[in-house]
Amino acid sequence: MERIVCHLNIEGKDIEYSIIGKGIPILIFHGGHSNCYEELGYEALVQQGFSLITPSRPGYGSTCKAIGESLLTTSKYYARLLDHLNIEKTHIIAVSAGGPTGICFASNFPGRTLTLTLQSAVTKSWLTKKDKEYKVARLLFHPSFEKVTWKLIAYMNNCFPAYIFKCFIPSFSKLPSDYVMAKIKKEDIEEIRKMNNRYRSKSGFFIDIAQANELSPTQLQSISCPTLIMHSKNDGAVPINHAYFAHNQVENSELCLLESWGHLIWIGDKATEVNERLVEFLQSRLIFN
């Protein structure tokens with residue numbers, strides 16, 4: 001896939017973004033630790049005639065962390081990115097820790113949102129100070145230390161790809177590791193290796209945690225566009241109650257519970273099913289917009 005990486009400066013604040021493919025626009029809000037070089041799940045969409053616009057969210061890549069002052073501030077900057085690209089309306093896909101951004105944008109810019117898809121998404125308070133995972137994340141992904149963390153992960157993953165994949169399973173899935181490994185192909189292990197080589201947390205992950213705690217049921221309730229909520233029953237990173245919560249709050253929503261092995265629904269033996277369901281949802285809405 002050919003990727004164009006660009007930078008937009010708005011009032012001295014830089015937004016890094018990429019564009020892959022030509023056709024109907026989809027604005028993608030990537031998950032935690034990622035950036036505009038994300039590619040999981042992209043190929044199927046590009047092949048179906050979609051153009052994928054992925055900004056590095058605040059604090060990730062070379063996007064200024066100041067635009068992450070609040071969810072609303074971030075959404076306003078993304079609206080200006082659409083202005084710059086001469087896009088009036090777009091589909092939105094919000095992934096994992098990018099969920100709050102997608103929810104806020106769809107809530108505050110209904111006239112610019114064709115559909116919203118939440119994939120393995122955070123939809124309410126997440127990783128609070130009382131959580132063990134929060135304390136670990138504060139150490140490993142602190143802006144002053146995260147580079148060392150990801151360099152070490154990438155090095156180990158390059159040396160021992162299958163072993164590191166297996167080590168990561170408990171973070172992503174509630175299923176036994178041996179059960180998951182039996183369903184995983186070499187291509188999936190390679191996708192994880194590439195993922196860990198492009199990931200950096202910088203200041204972005206701490207912004208994610210703060211923004212998740214800004215979410216309120218009112219924001220979800222005010223979403224009017226068709227919404228697809230895709231979540232694995234076996235997700236070990238973002239509990240499935242986030243999906244149920246969003247479905248209960250968003251009136252015009254469909255809940256798609258997946259049998260995928262875990263959080264990363266774009267790899268594994270159910271990936272094709274995930275891609276087909278998403279494309280079906282997006283294409284069925286084209287008739288009405």
# chains A, B, ... in the order shown; residues from 1 in each chain; ligands from 1
>>> residues_around(residues="Ile164 of chain A", least_positions_apart="6", cutoff="12 Å", atoms="only C-alpha atoms", output="list in words")
Leu152, Ile153, Ala154, Tyr155, Met156, Asn157, Asn158, Pro170, Ser171, Ser177, Met181, Ile189, Glu190, Ile192, Arg193 and Asn196 of chain A
>>> closest_atom_pairs(of="segment 220-240 of chain A", to="segment 244-256 of chain A", cutoff="8 Å", atoms="only C-alpha atoms", output="JSON lines")
{"residue": "A:Leu220", "atom": "CA", "partner": "A:Val250", "partner_atom": "CA", "distance": 5.5}
{"residue": "A:Gln221", "atom": "CA", "partner": "A:Gln249", "partner_atom": "CA", "distance": 5.1}
{"residue": "A:Ser222", "atom": "CA", "partner": "A:Val250", "partner_atom": "CA", "distance": 7.4}
{"residue": "A:Ile223", "atom": "CA", "partner": "A:Val250", "partner_atom": "CA", "distance": 6.2}
{"residue": "A:Ser224", "atom": "CA", "partner": "A:Asn252", "partner_atom": "CA", "distance": 6.5}
{"residue": "A:Cys225", "atom": "CA", "partner": "A:Asn252", "partner_atom": "CA", "distance": 6.7}
{"residue": "A:Pro226", "atom": "CA", "partner": "A:Asn252", "partner_atom": "CA", "distance": 5.4}
{"residue": "A:Thr227", "atom": "CA", "partner": "A:Ser253", "partner_atom": "CA", "distance": 4.5}
{"residue": "A:Leu228", "atom": "CA", "partner": "A:Glu254", "partner_atom": "CA", "distance": 5.0}
{"residue": "A:Ile229", "atom": "CA", "partner": "A:Leu255", "partner_atom": "CA", "distance": 4.9}
{"residue": "A:Met230", "atom": "CA", "partner": "A:Cys256", "partner_atom": "CA", "distance": 4.8}
{"residue": "A:His231", "atom": "CA", "partner": "A:Cys256", "partner_atom": "CA", "distance": 6.6}
{"residue": "A:Ile240", "atom": "CA", "partner": "A:Tyr244", "partner_atom": "CA", "distance": 6.7}
>>> write_last_selection(atoms="C-alpha atoms", output="CSV table (one decimal), in the first residue's frame")
chain,number,residue,atom,x,y,z
A,220,LEU,CA,-22.6,8.9,23.4
A,221,GLN,CA,-26.3,9.6,23.7
A,222,SER,CA,-25.9,12.6,21.3
A,223,ILE,CA,-24.4,10.5,18.5
A,224,SER,CA,-27.0,10.4,15.7
A,225,CYS,CA,-25.1,8.7,12.9
A,226,PRO,CA,-25.2,5.0,12.1
A,227,THR,CA,-22.8,3.3,14.5
A,228,LEU,CA,-21.2,-0.1,14.4
A,229,ILE,CA,-19.6,-1.4,17.6
A,230,MET,CA,-17.2,-4.3,17.0
A,231,HIS,CA,-15.6,-6.1,19.9
A,240,ILE,CA,-16.3,-6.1,26.6
>>> residues_around(residues="Thr123 of chain A", least_positions_apart="6", cutoff="9 Å", atoms="only C-alpha atoms", output="list in words")
Ser96, Ala97, Gly99, Pro100, Ile103, Ala212, Leu215, Ser216, Leu220, His242, Ala243, Phe245 and Ala246 of chain A
>>> write_last_selection(atoms="all heavy atoms", output="PDB file, in the first residue's frame")
ATOM      1  N   SER A  96      -9.637   1.129  19.722  1.00  0.00           N
ATOM      2  CA  SER A  96      -9.049   0.977  21.054  1.00  0.00           C
ATOM      3  C   SER A  96      -9.014   2.309  21.813  1.00  0.00           C
ATOM      4  O   SER A  96     -10.046   2.930  22.010  1.00  0.00           O
ATOM      5  CB  SER A  96      -7.652   0.352  20.920  1.00  0.00           C
ATOM      6  OG  SER A  96      -7.137  -0.046  22.163  1.00  0.00           O
ATOM      7  N   ALA A  97      -7.826   2.781  22.183  1.00  0.00           N
ATOM      8  CA  ALA A  97      -7.719   4.032  22.929  1.00  0.00           C
ATOM      9  C   ALA A  97      -8.085   5.253  22.098  1.00  0.00           C
ATOM     10  O   ALA A  97      -8.194   6.362  22.628  1.00  0.00           O
ATOM     11  CB  ALA A  97      -6.306   4.192  23.491  1.00  0.00           C
ATOM     12  N   GLY A  99     -10.955   5.382  20.752  1.00  0.00           N
ATOM     13  CA  GLY A  99     -12.405   5.420  20.876  1.00  0.00           C
ATOM     14  C   GLY A  99     -12.952   6.752  21.370  1.00  0.00           C
ATOM     15  O   GLY A  99     -13.882   7.303  20.774  1.00  0.00           O
ATOM     16  N   PRO A 100     -12.411   7.314  22.467  1.00  0.00           N
ATOM     17  CA  PRO A 100     -12.921   8.595  22.956  1.00  0.00           C
ATOM     18  C   PRO A 100     -12.872   9.712  21.918  1.00  0.00           C
ATOM     19  O   PRO A 100     -13.781  10.539  21.845  1.00  0.00           O
ATOM     20  CB  PRO A 100     -11.998   8.892  24.145  1.00  0.00           C
ATOM     21  CG  PRO A 100     -11.601   7.538  24.651  1.00  0.00           C
ATOM     22  CD  PRO A 100     -11.426   6.720  23.403  1.00  0.00           C
ATOM     23  N   ILE A 103     -15.749   9.131  19.445  1.00  0.00           N
ATOM     24  CA  ILE A 103     -17.025   9.433  20.103  1.00  0.00           C
ATOM     25  C   ILE A 103     -17.230  10.941  20.199  1.00  0.00           C
ATOM     26  O   ILE A 103     -18.303  11.473  19.876  1.00  0.00           O
ATOM     27  CB  ILE A 103     -17.062   8.786  21.500  1.00  0.00           C
ATOM     28  CG1 ILE A 103     -17.164   7.268  21.370  1.00  0.00           C
ATOM     29  CG2 ILE A 103     -18.221   9.342  22.334  1.00  0.00           C
ATOM     30  CD1 ILE A 103     -16.874   6.515  22.652  1.00  0.00           C
ATOM     31  N   ALA A 212      -9.782   9.511  28.145  1.00  0.00           N
ATOM     32  CA  ALA A 212     -10.798   8.479  28.381  1.00  0.00           C
ATOM     33  C   ALA A 212     -11.661   8.833  29.581  1.00  0.00           C
ATOM     34  O   ALA A 212     -12.866   8.540  29.611  1.00  0.00           O
ATOM     35  CB  ALA A 212     -10.141   7.119  28.590  1.00  0.00           C
ATOM     36  N   LEU A 215     -14.824  11.230  29.065  1.00  0.00           N
ATOM     37  CA  LEU A 215     -16.052  10.763  28.408  1.00  0.00           C
ATOM     38  C   LEU A 215     -17.245  10.762  29.363  1.00  0.00           C
ATOM     39  O   LEU A 215     -17.102  10.465  30.545  1.00  0.00           O
ATOM     40  CB  LEU A 215     -15.854   9.347  27.859  1.00  0.00           C
ATOM     41  CG  LEU A 215     -15.087   9.197  26.549  1.00  0.00           C
ATOM     42  CD1 LEU A 215     -14.921   7.727  26.216  1.00  0.00           C
ATOM     43  CD2 LEU A 215     -15.800   9.912  25.410  1.00  0.00           C
ATOM     44  N   SER A 216     -18.407  11.066  28.807  1.00  0.00           N
ATOM     45  CA  SER A 216     -19.642  11.010  29.592  1.00  0.00           C
ATOM     46  C   SER A 216     -20.721  10.325  28.757  1.00  0.00           C
ATOM     47  O   SER A 216     -20.663  10.331  27.520  1.00  0.00           O
ATOM     48  CB  SER A 216     -20.108  12.417  29.964  1.00  0.00           C
ATOM     49  OG  SER A 216     -20.551  13.111  28.805  1.00  0.00           O
ATOM     50  N   LEU A 220     -22.108  10.035  24.191  1.00  0.00           N
ATOM     51  CA  LEU A 220     -22.561   8.865  23.438  1.00  0.00           C
ATOM     52  C   LEU A 220     -24.030   9.008  23.038  1.00  0.00           C
ATOM     53  O   LEU A 220     -24.415   8.692  21.912  1.00  0.00           O
ATOM     54  CB  LEU A 220     -22.361   7.601  24.266  1.00  0.00           C
ATOM     55  CG  LEU A 220     -20.911   7.112  24.394  1.00  0.00           C
ATOM     56  CD1 LEU A 220     -20.745   6.259  25.631  1.00  0.00           C
ATOM     57  CD2 LEU A 220     -20.492   6.329  23.158  1.00  0.00           C
ATOM     58  N   HIS A 242     -17.240  -2.241  27.710  1.00  0.00           N
ATOM     59  CA  HIS A 242     -17.164  -0.975  26.972  1.00  0.00           C
ATOM     60  C   HIS A 242     -18.070  -1.019  25.749  1.00  0.00           C
ATOM     61  O   HIS A 242     -18.713  -0.016  25.407  1.00  0.00           O
ATOM     62  CB  HIS A 242     -15.723  -0.702  26.542  1.00  0.00           C
ATOM     63  CG  HIS A 242     -14.839  -0.228  27.654  1.00  0.00           C
ATOM     64  ND1 HIS A 242     -14.418   1.082  27.776  1.00  0.00           N
ATOM     65  CD2 HIS A 242     -14.301  -0.886  28.703  1.00  0.00           C
ATOM     66  CE1 HIS A 242     -13.662   1.211  28.844  1.00  0.00           C
ATOM     67  NE2 HIS A 242     -13.569   0.019  29.422  1.00  0.00           N
ATOM     68  N   ALA A 243     -18.116  -2.160  25.075  1.00  0.00           N
ATOM     69  CA  ALA A 243     -18.971  -2.307  23.900  1.00  0.00           C
ATOM     70  C   ALA A 243     -20.448  -2.273  24.291  1.00  0.00           C
ATOM     71  O   ALA A 243     -21.266  -1.591  23.647  1.00  0.00           O
ATOM     72  CB  ALA A 243     -18.646  -3.610  23.175  1.00  0.00           C
ATOM     73  N   PHE A 245     -21.722  -0.914  26.917  1.00  0.00           N
ATOM     74  CA  PHE A 245     -22.034   0.429  27.401  1.00  0.00           C
ATOM     75  C   PHE A 245     -22.341   1.359  26.229  1.00  0.00           C
ATOM     76  O   PHE A 245     -23.346   2.090  26.249  1.00  0.00           O
ATOM     77  CB  PHE A 245     -20.858   0.976  28.217  1.00  0.00           C
ATOM     78  CG  PHE A 245     -21.081   2.358  28.764  1.00  0.00           C
ATOM     79  CD1 PHE A 245     -21.894   2.546  29.867  1.00  0.00           C
ATOM     80  CD2 PHE A 245     -20.480   3.455  28.177  1.00  0.00           C
ATOM     81  CE1 PHE A 245     -22.101   3.818  30.385  1.00  0.00           C
ATOM     82  CE2 PHE A 245     -20.692   4.734  28.677  1.00  0.00           C
ATOM     83  CZ  PHE A 245     -21.498   4.919  29.789  1.00  0.00           C
ATOM     84  N   ALA A 246     -21.492   1.340  25.208  1.00  0.00           N
ATOM     85  CA  ALA A 246     -21.712   2.201  24.041  1.00  0.00           C
ATOM     86  C   ALA A 246     -23.016   1.851  23.338  1.00  0.00           C
ATOM     87  O   ALA A 246     -23.787   2.735  22.940  1.00  0.00           O
ATOM     88  CB  ALA A 246     -20.539   2.080  23.078  1.00  0.00           C
TER      89      ALA A 246
END
>>> closest_atom_pairs(of="segment 161-245 of chain A", to="segment 36-41 of chain A", cutoff="8 Å", atoms="only C-alpha atoms", output="JSON lines")
{"residue": "A:Glu191", "atom": "CA", "partner": "A:Leu40", "partner_atom": "CA", "distance": 8.0}
{"residue": "A:Met195", "atom": "CA", "partner": "A:Glu38", "partner_atom": "CA", "distance": 8.0}
{"residue": "A:Arg198", "atom": "CA", "partner": "A:Tyr37", "partner_atom": "CA", "distance": 7.5}
>>> residues_around(residues="Tyr42 of chain A", least_positions_apart="3", cutoff="9 Å", atoms="only C-alpha atoms", output="PyMOL selection string")
chain A and resi 1+20+38-39+45-47+52
>>> write_last_selection(atoms="N, CA, C and O atoms", output="PDB file, in the first residue's frame")
ATOM      1  N   MET A   1       0.841  -1.194   0.000  1.00  0.00           N
ATOM      2  CA  MET A   1       0.000   0.000   0.000  1.00  0.00           C
ATOM      3  C   MET A   1       0.880   1.248   0.000  1.00  0.00           C
ATOM      4  O   MET A   1       1.799   1.360   0.801  1.00  0.00           O
ATOM      5  N   ILE A  20      -3.781   6.760   2.610  1.00  0.00           N
ATOM      6  CA  ILE A  20      -3.579   5.541   1.823  1.00  0.00           C
ATOM      7  C   ILE A  20      -4.838   5.311   1.001  1.00  0.00           C
ATOM      8  O   ILE A  20      -5.944   5.312   1.543  1.00  0.00           O
ATOM      9  N   GLU A  38       0.084   3.342  11.086  1.00  0.00           N
ATOM     10  CA  GLU A  38      -0.720   2.158  11.385  1.00  0.00           C
ATOM     11  C   GLU A  38      -1.187   1.495  10.087  1.00  0.00           C
ATOM     12  O   GLU A  38      -1.403   2.157   9.067  1.00  0.00           O
ATOM     13  N   GLU A  39      -1.342   0.152  10.133  1.00  0.00           N
ATOM     14  CA  GLU A  39      -1.774  -0.551   8.917  1.00  0.00           C
ATOM     15  C   GLU A  39      -2.668  -1.757   9.185  1.00  0.00           C
ATOM     16  O   GLU A  39      -3.208  -2.351   8.245  1.00  0.00           O
ATOM     17  N   LEU A  45      -9.860  -2.432   3.309  1.00  0.00           N
ATOM     18  CA  LEU A  45     -10.616  -1.213   3.043  1.00  0.00           C
ATOM     19  C   LEU A  45     -10.136  -0.518   1.769  1.00  0.00           C
ATOM     20  O   LEU A  45     -10.933  -0.042   0.964  1.00  0.00           O
ATOM     21  N   VAL A  46      -8.830  -0.475   1.592  1.00  0.00           N
ATOM     22  CA  VAL A  46      -8.268   0.142   0.388  1.00  0.00           C
ATOM     23  C   VAL A  46      -8.718  -0.619  -0.858  1.00  0.00           C
ATOM     24  O   VAL A  46      -9.081  -0.030  -1.881  1.00  0.00           O
ATOM     25  N   GLN A  47      -8.724  -1.935  -0.769  1.00  0.00           N
ATOM     26  CA  GLN A  47      -9.141  -2.761  -1.908  1.00  0.00           C
ATOM     27  C   GLN A  47     -10.607  -2.543  -2.274  1.00  0.00           C
ATOM     28  O   GLN A  47     -11.005  -2.772  -3.417  1.00  0.00           O
ATOM     29  N   LEU A  52      -7.989   6.123   3.248  1.00  0.00           N
ATOM     30  CA  LEU A  52      -7.806   6.091   4.696  1.00  0.00           C
ATOM     31  C   LEU A  52      -6.905   7.239   5.151  1.00  0.00           C
ATOM     32  O   LEU A  52      -5.736   7.317   4.774  1.00  0.00           O
TER      33      LEU A  52
END
>>> select_by_dssp(residues="segment 103-150 of chain A", states="alpha helix (DSSP H)", output="count of residues only")
20
>>> atom_distance(atom1="atom CA of Thr74 of chain A", atom2="atom CA of Thr101 of chain A")
7.5 Å
>>> atom_distance(atom1="atom CA of Leu72 of chain A", atom2="atom CA of Asn213 of chain A")
13.1 Å
>>> closest_residue(among="A:Cys64, A:Ile15, A:Val122, A:Phe165", to="Asp178 of chain A", atoms="only C-alpha atoms")
A:Phe165
>>> closest_residue(among="A:Lys22, A:Lys13, A:Lys147, A:Lys130", to="Ser203 of chain A", atoms="only C-alpha atoms")
A:Lys147
>>> residues_around(residues="Ile169 of chain A", least_positions_apart="3", cutoff="10 Å", atoms="only C-alpha atoms", output="ChimeraX atom specification")
/A:164-166,172-178,180-181,236-237,261-263
>>> closest_residue(among="A:Arg285, A:Lys129, A:Arg200, A:Lys183", to="Ile267 of chain A", atoms="only C-alpha atoms")
A:Lys183
